[in-house]
$ cat entry-v6.txt   # compact mmCIF, C-alpha atoms
# COMPACT_ATOMS: atom_id res chain seq x y z
CA MET L 1 -8.39 -42.68 102.99
CA TYR L 2 -9.10 -46.42 102.79
CA ASP L 3 -6.85 -48.73 100.80
CA LEU L 4 -9.79 -50.61 99.31
CA VAL L 5 -13.59 -50.60 99.48
CA VAL L 6 -15.84 -53.46 98.41
CA LYS L 7 -18.96 -51.63 97.36
CA GLY L 8 -22.54 -52.48 96.49
CA GLY L 9 -22.74 -56.11 97.60
CA THR L 10 -24.82 -58.03 100.10
CA VAL L 11 -22.67 -58.90 103.10
CA VAL L 12 -23.29 -62.33 104.64
CA ASP L 13 -21.29 -62.58 107.85
CA PRO L 14 -22.72 -65.08 110.36
CA SER L 15 -20.14 -64.05 112.98
CA GLN L 16 -22.08 -60.78 113.27
CA GLY L 17 -25.52 -62.11 112.39
CA LEU L 18 -25.32 -59.89 109.32
CA HIS L 19 -27.12 -60.42 106.01
CA ALA L 20 -27.73 -57.04 104.42
CA PRO L 21 -26.46 -54.59 101.81
CA ARG L 22 -23.18 -53.25 103.12
CA ASP L 23 -19.87 -51.81 101.94
CA VAL L 24 -16.62 -53.14 103.40
CA ALA L 25 -13.53 -50.96 103.85
CA LEU L 26 -10.00 -52.34 104.22
CA GLU L 27 -6.84 -50.62 105.35
CA MET L 28 -3.39 -51.98 106.11
CA GLY L 29 -4.62 -55.50 105.38
CA LYS L 30 -7.46 -55.34 107.93
CA VAL L 31 -11.19 -54.76 107.91
CA VAL L 32 -11.81 -51.27 109.29
CA ALA L 33 -15.48 -50.61 108.49
CA VAL L 34 -18.67 -52.39 107.41
CA GLU L 35 -21.29 -49.73 106.70
CA GLU L 36 -24.41 -49.12 104.62
CA ASP L 37 -22.70 -46.59 102.38
CA ILE L 38 -19.00 -45.78 102.17
CA ASP L 39 -18.00 -42.94 99.89
CA PRO L 40 -15.91 -44.50 97.09
CA THR L 41 -13.88 -41.31 96.78
CA HIS L 42 -12.46 -42.17 100.19
CA ALA L 43 -10.78 -45.28 98.79
CA ARG L 44 -7.63 -45.74 96.73
CA GLU L 45 -9.26 -48.72 95.02
CA VAL L 46 -12.87 -49.87 94.69
CA VAL L 47 -14.12 -53.40 94.02
CA LYS L 48 -17.64 -53.33 92.63
CA ALA L 49 -19.84 -56.02 94.17
CA ASP L 50 -23.25 -55.11 92.75
CA GLY L 51 -25.44 -58.20 92.63
CA LEU L 52 -22.85 -60.28 94.50
CA LEU L 53 -22.61 -61.85 97.93
CA VAL L 54 -19.74 -60.62 100.07
CA THR L 55 -18.54 -63.03 102.75
CA PRO L 56 -15.52 -63.43 104.95
CA GLY L 57 -12.81 -65.40 103.15
CA LEU L 58 -13.80 -69.06 103.36
CA VAL L 59 -12.06 -71.44 105.77
CA ASP L 60 -11.63 -75.04 104.55
CA ILE L 61 -10.34 -77.27 107.35
CA HIS L 62 -9.75 -80.36 105.21
CA VAL L 63 -7.58 -80.05 102.10
CA HIS L 64 -4.42 -81.71 100.80
CA VAL L 65 -1.87 -79.27 99.42
CA TYR L 66 1.51 -81.00 99.75
CA TRP L 67 2.01 -80.86 95.98
CA GLY L 68 4.97 -82.88 94.72
CA VAL L 69 5.32 -85.03 97.85
CA SER L 70 1.93 -86.41 98.84
CA HIS L 71 0.18 -88.15 95.97
CA TYR L 72 -2.97 -86.23 96.98
CA GLY L 73 -1.44 -82.76 96.79
CA VAL L 74 -2.88 -79.85 94.81
CA GLU L 75 -1.51 -76.34 94.55
CA PRO L 76 -3.21 -74.30 97.29
CA ASP L 77 -3.54 -70.97 95.55
CA LEU L 78 -5.28 -72.40 92.49
CA GLY L 79 -7.39 -74.94 94.38
CA CYS L 80 -8.23 -72.80 97.40
CA LEU L 81 -7.53 -69.09 97.16
CA ALA L 82 -8.73 -68.65 93.58
CA LYS L 83 -12.03 -70.23 94.65
CA GLY L 84 -12.68 -67.97 97.66
CA VAL L 85 -10.86 -69.98 100.33
CA THR L 86 -8.42 -67.62 102.01
CA THR L 87 -7.56 -69.99 104.88
CA ALA L 88 -7.13 -73.74 104.59
CA VAL L 89 -5.93 -76.58 106.79
CA ASP L 90 -3.95 -79.44 105.31
CA ALA L 91 -5.42 -82.55 106.91
CA GLY L 92 -2.51 -84.86 107.54
CA SER L 93 -0.60 -84.88 104.25
CA ALA L 94 2.59 -84.61 106.30
CA GLY L 95 3.81 -86.40 109.40
CA ALA L 96 6.73 -85.62 111.69
CA ASP L 97 9.37 -86.66 109.14
CA THR L 98 7.85 -84.83 106.19
CA PHE L 99 6.29 -81.78 107.84
CA PRO L 100 9.36 -79.49 107.62
CA GLY L 101 9.08 -79.61 103.83
CA LEU L 102 5.37 -78.82 103.91
CA ARG L 103 6.03 -75.81 106.10
CA ARG L 104 9.01 -74.48 104.19
CA TYR L 105 7.99 -75.13 100.60
CA VAL L 106 4.19 -74.80 100.79
CA ILE L 107 2.87 -73.07 103.90
CA LYS L 108 5.47 -70.31 103.96
CA VAL L 109 5.28 -69.48 100.24
CA ALA L 110 1.58 -69.86 99.41
CA SER L 111 -0.68 -66.84 99.24
CA THR L 112 -3.39 -68.97 100.84
CA ARG L 113 -3.12 -68.81 104.64
CA LEU L 114 -2.32 -72.40 105.61
CA TYR L 115 -2.40 -74.46 108.80
CA ALA L 116 -2.05 -78.22 109.23
CA PHE L 117 -3.11 -81.30 111.12
CA LEU L 118 0.01 -83.39 111.70
CA ASN L 119 -0.40 -87.01 110.68
CA ILE L 120 0.37 -89.41 113.53
CA SER L 121 2.27 -91.43 110.90
CA SER L 122 5.65 -89.77 110.53
CA MET L 123 5.65 -90.38 106.76
CA GLY L 124 2.28 -88.75 106.20
CA MET L 125 0.19 -89.49 103.12
CA ILE L 126 2.92 -90.12 100.56
CA THR L 127 1.49 -93.03 98.58
CA ASP L 128 -1.67 -95.07 98.19
CA VAL L 129 0.28 -98.28 97.64
CA VAL L 130 0.99 -98.87 101.33
CA GLY L 131 -1.14 -97.40 104.10
CA GLU L 132 0.76 -94.99 106.32
CA LEU L 133 -0.21 -96.99 109.42
CA ASN L 134 0.35 -100.50 108.11
CA ASP L 135 3.57 -100.38 110.17
CA LEU L 136 2.99 -98.74 113.54
CA ARG L 137 6.67 -97.97 113.89
CA PHE L 138 5.82 -94.87 111.86
CA ALA L 139 3.35 -93.78 114.56
CA ASP L 140 5.60 -92.28 117.22
CA PRO L 141 3.65 -89.99 119.58
CA ALA L 142 6.80 -88.56 121.17
CA LEU L 143 8.22 -87.56 117.77
CA ALA L 144 4.89 -86.04 116.73
CA VAL L 145 4.80 -84.00 119.94
CA ARG L 146 8.34 -82.69 119.41
CA VAL L 147 7.62 -81.57 115.86
CA ALA L 148 4.24 -80.06 116.73
CA ARG L 149 5.71 -78.07 119.61
CA ALA L 150 8.45 -76.73 117.36
CA LYS L 151 5.89 -75.70 114.72
CA GLU L 152 3.00 -74.78 117.00
CA ASP L 153 2.27 -71.62 115.01
CA VAL L 154 0.75 -73.67 112.19
CA ILE L 155 -0.11 -77.12 113.60
CA VAL L 156 -3.69 -77.22 114.88
CA GLY L 157 -4.07 -80.89 115.77
CA ILE L 158 -3.27 -84.54 115.05
CA LYS L 159 -4.73 -86.46 112.10
CA VAL L 160 -5.27 -90.20 111.97
CA ARG L 161 -6.87 -92.23 109.17
CA LEU L 162 -8.57 -95.34 110.52
CA ASP L 163 -9.96 -97.23 107.52
CA ARG L 164 -8.59 -100.69 106.85
CA ASP L 165 -6.60 -99.63 103.76
CA ARG L 166 -4.54 -97.24 105.94
CA VAL L 167 -4.09 -99.34 109.09
CA GLY L 168 -3.87 -102.84 107.61
CA ASP L 169 -3.87 -105.68 110.11
CA ASN L 170 -3.26 -103.29 113.01
CA GLY L 171 -6.92 -102.33 113.16
CA PRO L 172 -8.07 -98.80 113.99
CA ILE L 173 -7.88 -98.80 117.78
CA LYS L 174 -4.10 -98.98 118.21
CA PRO L 175 -3.41 -96.03 115.85
CA LEU L 176 -6.24 -94.06 117.46
CA ARG L 177 -4.73 -94.58 120.90
CA LEU L 178 -1.34 -93.40 119.66
CA ALA L 179 -2.93 -90.29 118.14
CA ARG L 180 -4.78 -89.73 121.41
CA GLN L 181 -1.48 -89.82 123.33
CA ALA L 182 0.09 -87.18 121.11
CA ALA L 183 -2.97 -84.93 121.06
CA ASP L 184 -3.35 -85.06 124.84
CA LYS L 185 0.26 -84.07 125.42
CA LEU L 186 -0.17 -81.16 123.02
CA ASN L 187 -3.63 -80.21 124.29
CA LEU L 188 -4.79 -80.23 120.68
CA PRO L 189 -7.70 -82.00 118.99
CA ILE L 190 -7.63 -85.16 116.91
CA MET L 191 -9.20 -85.27 113.47
CA ILE L 192 -10.18 -88.85 112.66
CA HIS L 193 -10.84 -90.10 109.14
CA ILE L 194 -13.60 -92.71 109.16
CA GLY L 195 -14.64 -95.12 106.43
CA ARG L 196 -14.46 -98.89 106.08
CA MET L 197 -13.11 -99.76 109.52
CA ASP L 198 -12.54 -103.03 111.33
CA ALA L 199 -14.16 -101.73 114.52
CA PRO L 200 -17.62 -100.30 115.16
CA LEU L 201 -17.91 -96.52 114.87
CA ALA L 202 -19.48 -96.53 118.32
CA GLU L 203 -16.23 -97.86 119.78
CA ILE L 204 -14.15 -95.36 117.81
CA LEU L 205 -16.25 -92.45 119.05
CA SER L 206 -15.74 -93.47 122.68
CA TYR L 207 -12.12 -92.28 122.41
CA LEU L 208 -13.08 -88.79 121.29
CA ARG L 209 -13.43 -85.75 123.51
CA GLU L 210 -14.72 -82.22 123.31
CA GLY L 211 -13.10 -80.42 120.39
CA ASP L 212 -12.07 -83.55 118.48
CA LEU L 213 -13.26 -83.82 114.89
CA VAL L 214 -14.75 -86.63 112.82
CA THR L 215 -14.30 -86.08 109.09
CA HIS L 216 -16.15 -87.90 106.27
CA THR L 217 -19.31 -87.81 108.38
CA TYR L 218 -21.65 -88.63 105.48
CA HIS L 219 -19.69 -91.38 103.75
CA GLY L 220 -21.70 -94.18 102.17
CA HIS L 221 -19.69 -97.19 103.39
CA GLU L 222 -20.59 -99.66 106.11
CA GLY L 223 -19.93 -98.64 109.69
CA GLY L 224 -21.03 -95.03 109.32
CA ILE L 225 -23.28 -92.79 111.38
CA LEU L 226 -26.43 -94.59 110.20
CA ASP L 227 -27.45 -98.11 111.12
CA ASP L 228 -28.82 -100.70 108.68
CA ARG L 229 -32.28 -99.11 108.88
CA GLY L 230 -30.98 -95.64 108.10
CA LYS L 231 -31.30 -94.44 111.67
CA LEU L 232 -28.64 -92.30 113.29
CA ILE L 233 -26.66 -94.32 115.80
CA GLY L 234 -27.03 -93.06 119.35
CA GLU L 235 -23.29 -92.88 119.90
CA ALA L 236 -22.94 -90.26 117.17
CA ARG L 237 -25.54 -88.02 118.78
CA GLN L 238 -23.95 -88.56 122.20
CA ALA L 239 -20.53 -87.67 120.83
CA ARG L 240 -21.87 -84.44 119.39
CA GLU L 241 -23.56 -83.61 122.70
CA ARG L 242 -20.23 -83.87 124.50
CA GLY L 243 -18.56 -81.53 122.04
CA VAL L 244 -17.18 -83.75 119.27
CA LEU L 245 -17.43 -81.95 115.92
CA PHE L 246 -18.62 -83.70 112.77
CA ASP L 247 -17.06 -82.40 109.56
CA VAL L 248 -18.18 -83.09 105.99
CA GLY L 249 -14.84 -83.89 104.29
CA HIS L 250 -16.47 -84.54 100.90
CA GLY L 251 -13.46 -86.09 99.14
CA ALA L 252 -13.53 -88.52 96.24
CA GLY L 253 -15.24 -91.35 98.12
CA SER L 254 -16.65 -89.96 101.34
CA PHE L 255 -19.91 -88.16 100.62
CA ALA L 256 -23.28 -89.67 99.71
CA PHE L 257 -26.44 -87.63 99.23
CA ARG L 258 -28.56 -90.48 100.60
CA VAL L 259 -26.62 -90.57 103.88
CA ALA L 260 -26.48 -86.79 104.27
CA GLN L 261 -30.21 -86.38 103.60
CA ARG L 262 -31.21 -89.06 106.10
CA ALA L 263 -28.91 -87.62 108.73
CA LEU L 264 -30.13 -84.08 108.16
CA ASP L 265 -33.74 -85.28 108.35
CA GLN L 266 -32.88 -86.59 111.83
CA GLY L 267 -31.37 -83.26 112.87
CA PHE L 268 -27.74 -84.29 112.46
CA THR L 269 -26.28 -81.29 110.67
CA PRO L 270 -22.52 -80.92 110.21
CA GLY L 271 -20.44 -78.81 112.55
CA THR L 272 -18.24 -77.73 109.64
CA ILE L 273 -18.30 -78.08 105.87
CA SER L 274 -14.99 -78.98 104.23
CA SER L 275 -14.05 -80.17 100.77
CA ASP L 276 -11.21 -82.69 101.31
CA LEU L 277 -9.87 -81.19 98.10
CA HIS L 278 -7.13 -83.24 96.43
CA VAL L 279 -5.83 -84.25 93.03
CA TYR L 280 -8.40 -87.03 92.60
CA ASN L 281 -11.47 -84.82 93.03
CA ILE L 282 -10.52 -81.29 91.99
CA ASN L 283 -11.98 -82.01 88.54
CA GLY L 284 -15.05 -83.60 90.09
CA PRO L 285 -17.01 -84.41 92.09
CA VAL L 286 -15.68 -81.78 94.53
CA PHE L 287 -14.29 -79.03 92.27
CA ASP L 288 -14.10 -76.52 95.15
CA LEU L 289 -15.57 -75.66 98.53
CA ALA L 290 -18.29 -73.47 97.02
CA THR L 291 -19.66 -76.50 95.18
CA THR L 292 -19.85 -78.46 98.43
CA MET L 293 -21.67 -75.51 100.00
CA SER L 294 -24.11 -75.54 97.09
CA LYS L 295 -24.81 -79.24 97.65
CA PHE L 296 -25.79 -78.54 101.23
CA MET L 297 -28.09 -75.73 100.17
CA HIS L 298 -29.75 -78.29 97.90
CA LEU L 299 -30.08 -80.57 100.94
CA GLY L 300 -31.95 -77.85 102.82
CA LEU L 301 -29.43 -75.71 104.67
CA SER L 302 -29.81 -71.97 104.28
CA LEU L 303 -27.25 -69.70 102.66
CA ASP L 304 -26.39 -68.21 106.05
CA GLU L 305 -25.90 -71.67 107.54
CA VAL L 306 -23.50 -72.86 104.84
CA VAL L 307 -21.51 -69.62 105.01
CA ASP L 308 -21.21 -70.00 108.79
CA LEU L 309 -20.06 -73.62 108.40
CA CYS L 310 -17.30 -72.46 106.01
CA THR L 311 -16.13 -69.34 107.87
CA TRP L 312 -16.69 -68.61 111.55
CA SER L 313 -17.45 -72.16 112.74
CA PRO L 314 -14.43 -73.94 111.20
CA ALA L 315 -12.09 -71.17 112.29
CA ARG L 316 -13.25 -71.66 115.88
CA ALA L 317 -13.22 -75.46 115.52
CA VAL L 318 -9.48 -75.59 114.88
CA GLY L 319 -8.50 -72.73 117.19
CA ILE L 320 -7.07 -70.33 114.65
CA PRO L 321 -7.14 -66.61 115.51
CA GLU L 322 -10.50 -64.92 116.00
CA SER L 323 -9.55 -62.39 113.32
CA ILE L 324 -10.19 -65.10 110.67
CA GLY L 325 -13.58 -66.11 109.31
CA THR L 326 -15.24 -62.78 110.07
CA LEU L 327 -15.60 -59.25 108.75
CA LYS L 328 -15.65 -57.61 112.17
CA PRO L 329 -13.51 -54.46 112.40
CA SER L 330 -9.83 -55.34 112.98
CA ALA L 331 -10.33 -58.76 111.34
CA GLU L 332 -7.96 -59.96 108.65
CA GLY L 333 -8.77 -58.33 105.32
CA ASP L 334 -10.00 -61.58 103.78
CA VAL L 335 -13.10 -61.14 101.64
CA ALA L 336 -14.75 -63.47 99.13
CA LEU L 337 -17.25 -62.39 96.47
CA PHE L 338 -19.74 -64.92 95.11
CA ARG L 339 -22.45 -64.96 92.53
CA LEU L 340 -25.53 -66.90 93.66
CA GLU L 341 -26.80 -68.39 90.44
CA GLU L 342 -30.34 -69.67 90.02
CA GLY L 343 -31.36 -72.28 87.50
CA GLU L 344 -30.89 -76.02 87.15
CA PHE L 345 -27.49 -77.40 88.13
CA GLU L 346 -26.19 -80.95 88.35
CA PHE L 347 -24.43 -81.99 91.54
CA VAL L 348 -22.76 -85.39 91.84
CA ASP L 349 -21.79 -87.28 94.99
CA CYS L 350 -19.10 -89.92 95.50
CA GLU L 351 -21.45 -92.76 94.63
CA GLY L 352 -22.28 -91.31 91.23
CA GLU L 353 -25.72 -90.09 92.23
CA THR L 354 -26.68 -86.90 90.40
CA VAL L 355 -29.20 -84.41 91.76
CA LEU L 356 -30.55 -81.22 90.25
CA GLY L 357 -30.10 -78.16 92.40
CA GLU L 358 -31.73 -74.77 91.90
CA ARG L 359 -28.91 -72.61 93.28
CA ARG L 360 -25.15 -72.64 93.25
CA LEU L 361 -22.38 -70.44 94.55
CA VAL L 362 -19.64 -69.39 92.15
CA ALA L 363 -16.52 -67.53 93.28
CA VAL L 364 -16.06 -64.25 91.41
CA ASN L 365 -13.31 -62.43 93.27
CA VAL L 366 -11.24 -62.80 96.43
CA ILE L 367 -9.21 -60.49 98.61
CA ARG L 368 -6.54 -61.88 100.91
CA GLY L 369 -5.02 -59.61 103.54
CA GLY L 370 -6.33 -56.54 101.78
CA GLU L 371 -4.85 -57.55 98.40
CA ILE L 372 -6.93 -58.59 95.40
CA TYR L 373 -5.82 -62.06 94.37
CA SER L 374 -4.81 -62.55 90.76
CA ARG L 375 -3.62 -65.80 89.23
CA GLY L 376 -1.02 -63.77 87.39
$ encode --input "entry-v6.txt" --output "structure tokens"
Amino acid sequence: MYDLVVKGGTVVDPSQGLHAPRDVALEMGKVVAVEEDIDPTHAREVVKADGLLVTPGLVDIHVHVYWGVSHYGVEPDLGCLAKGVTTAVDAGSAGADTFPGLRRYVIKVASTRLYAFLNISSMGMITDVVGELNDLRFADPALAVRVARAKEDVIVGIKVRLDRDRVGDNGPIKPLRLARQAADKLNLPIMIHIGRMDAPLAEILSYLREGDLVTHTYHGHEGGILDDRGKLIGEARQARERGVLFDVGHGAGSFAFRVAQRALDQGFTPGTISSDLHVYNINGPVFDLATTMSKFMHLGLSLDEVVDLCTWSPARAVGIPESIGTLKPSAEGDVALFRLEEGEFEFVDCEGETVLGERRLVAVNVIRGGEIYSRG
């Protein structure tokens, strides 16, 4: 007898190359079967998925969920889990001095499965009044290493924001080198936040290695992945060829349709799709990860591609267990149900450009660890 069966939907699971009508059975919080027809009488509970897409629970590797401490923070279960994201990674809201609170009061109590990039600044992202790296005394690699090693079950890498508002007169290279020191000692990747920087992106990318991540790939500011003629800079392609991953990180000011379309036209697709969900964009233009996925379908990526870039690929990118981001037997019982709506839908980027898309994904139901999530 199964604990729960999701019945009648179309399973889209890129980890198995699967896009077909299938039923999914869960038992003891794990996936135990994905089959063409599972007898509903063999389940204690049945979730009807007729007409819906059934995917692994989404994985969003760039969110900010340190509610009440970081000025960016949103509540993870309402912003992530309720929208189909069963696993999320807080991208640097906390540093070495503030991380214990994030772990105790957010990560350990949320229903959303949470991991974190540790900010190289020990204060983390507390305020927008003063950049966290305006004073490099906050960037202590040895302290970051000690905290990360003590919390290695949830810390997946080191985060550093390199735009001029965060680093001040220090410039981006010194903070990047300090983050590199910490990451190398931990054998973990760096996630770098790019934007308006006082150093060429080409120079920044030279410090990155296989497995490191660049977030805000398609921002519309100067010094991005495109040159003044709209051509992809060679250093970005070279970085990707040596294993650097380029993440979307939509955010409130870091995604432009014009940049994304030109990059995609030149074959520069993202390695992962993330929302950079926070308090300043949860009511638009981001809303949720499914909306960002829908924007990339409008830009030409297939449904299977966007699901992969929000499940299996990001889970592998940050080294979380292989039981996440998939519906393979023995995987975590994380399942998301979506309605793929067709019509005419407005999508807005961070520059205020509005496009009309023909399809959008809308979260209908979500199961986390074999349990149906309810806001109540």
$ residues_around --input "entry-v6.txt" --residues "Ala202 (chain L)" --least-positions-apart "4" --cutoff "12 Å" --atoms "only C-alpha atoms" --output "count of residues only"
20
$ atom_distance --input "entry-v6.txt" --atom1 "CA of Ala110 (chain L)" --atom2 "CA of Gly73 (chain L)"
13.5 Å
$ residues_around --input "entry-v6.txt" --residues "region 254-257 of chain L" --least-positions-apart "2" --cutoff "9 Å" --atoms "only C-alpha atoms" --output "ChimeraX atom specification"
/L:194-195,215-221,248-252,259-262,295,299,348-355
$ atom_distance --input "entry-v6.txt" --atom1 "CA of Ile192 (chain L)" --atom2 "CA of Gln266 (chain L)"
22.8 Å
$ closest_residue --input "entry-v6.txt" --among "L:Pro56, L:Gly243, L:Gly79, L:Gly157" --to "Val366 (chain L)" --atoms "only C-alpha atoms"
L:Pro56
$ residues_around --input "entry-v6.txt" --residues "Lys185 (chain L)" --least-positions-apart "2" --cutoff "10 Å" --atoms "all atoms listed in the file" --output "PyMOL selection string"
chain L and resi 141-142+145+149+180-183+187-188
$ closest_residue --input "entry-v6.txt" --among "L:Asp212, L:Glu45, L:Glu222, L:Asp288" --to "Ser274 (chain L)" --atoms "all atoms listed in the file"
L:Asp288
$ atom_distance --input "entry-v6.txt" --atom1 "CA of Arg164 (chain L)" --atom2 "CA of Leu277 (chain L)"
21.4 Å
$ closest_residue --input "entry-v6.txt" --among "L:Leu356, L:Asp3, L:Val167, L:Thr86" --to "Ser111 (chain L)" --atoms "all atoms listed in the file"
L:Thr86
$ residues_around --input "entry-v6.txt" --residues "Gly131 (chain L)" --least-positions-apart "5" --cutoff "12 Å" --atoms "only C-alpha atoms" --output "JSON, numbers by chain"
{"L": [121, 123, 124, 125, 126, 136, 138, 139, 160, 161, 162, 163, 164, 165, 166, 167, 168, 169, 170, 171]}
$ residues_around --input "entry-v6.txt" --residues "Asn365 (chain L)" --least-positions-apart "3" --cutoff "10 Å" --atoms "only C-alpha atoms" --output "list in words"
Val47, Ala49, Leu52, Val54, Leu81, Ala82, Lys83, Gly84, Val335, Ala336, Leu337, Phe338, Arg339, Val362, Ile372, Tyr373 and Ser374 of chain L
$ closest_residue --input "entry-v6.txt" --among "L:His19, L:His62, L:Arg368, L:Arg240" --to "Val318 (chain L)" --atoms "only C-alpha atoms"
L:His62
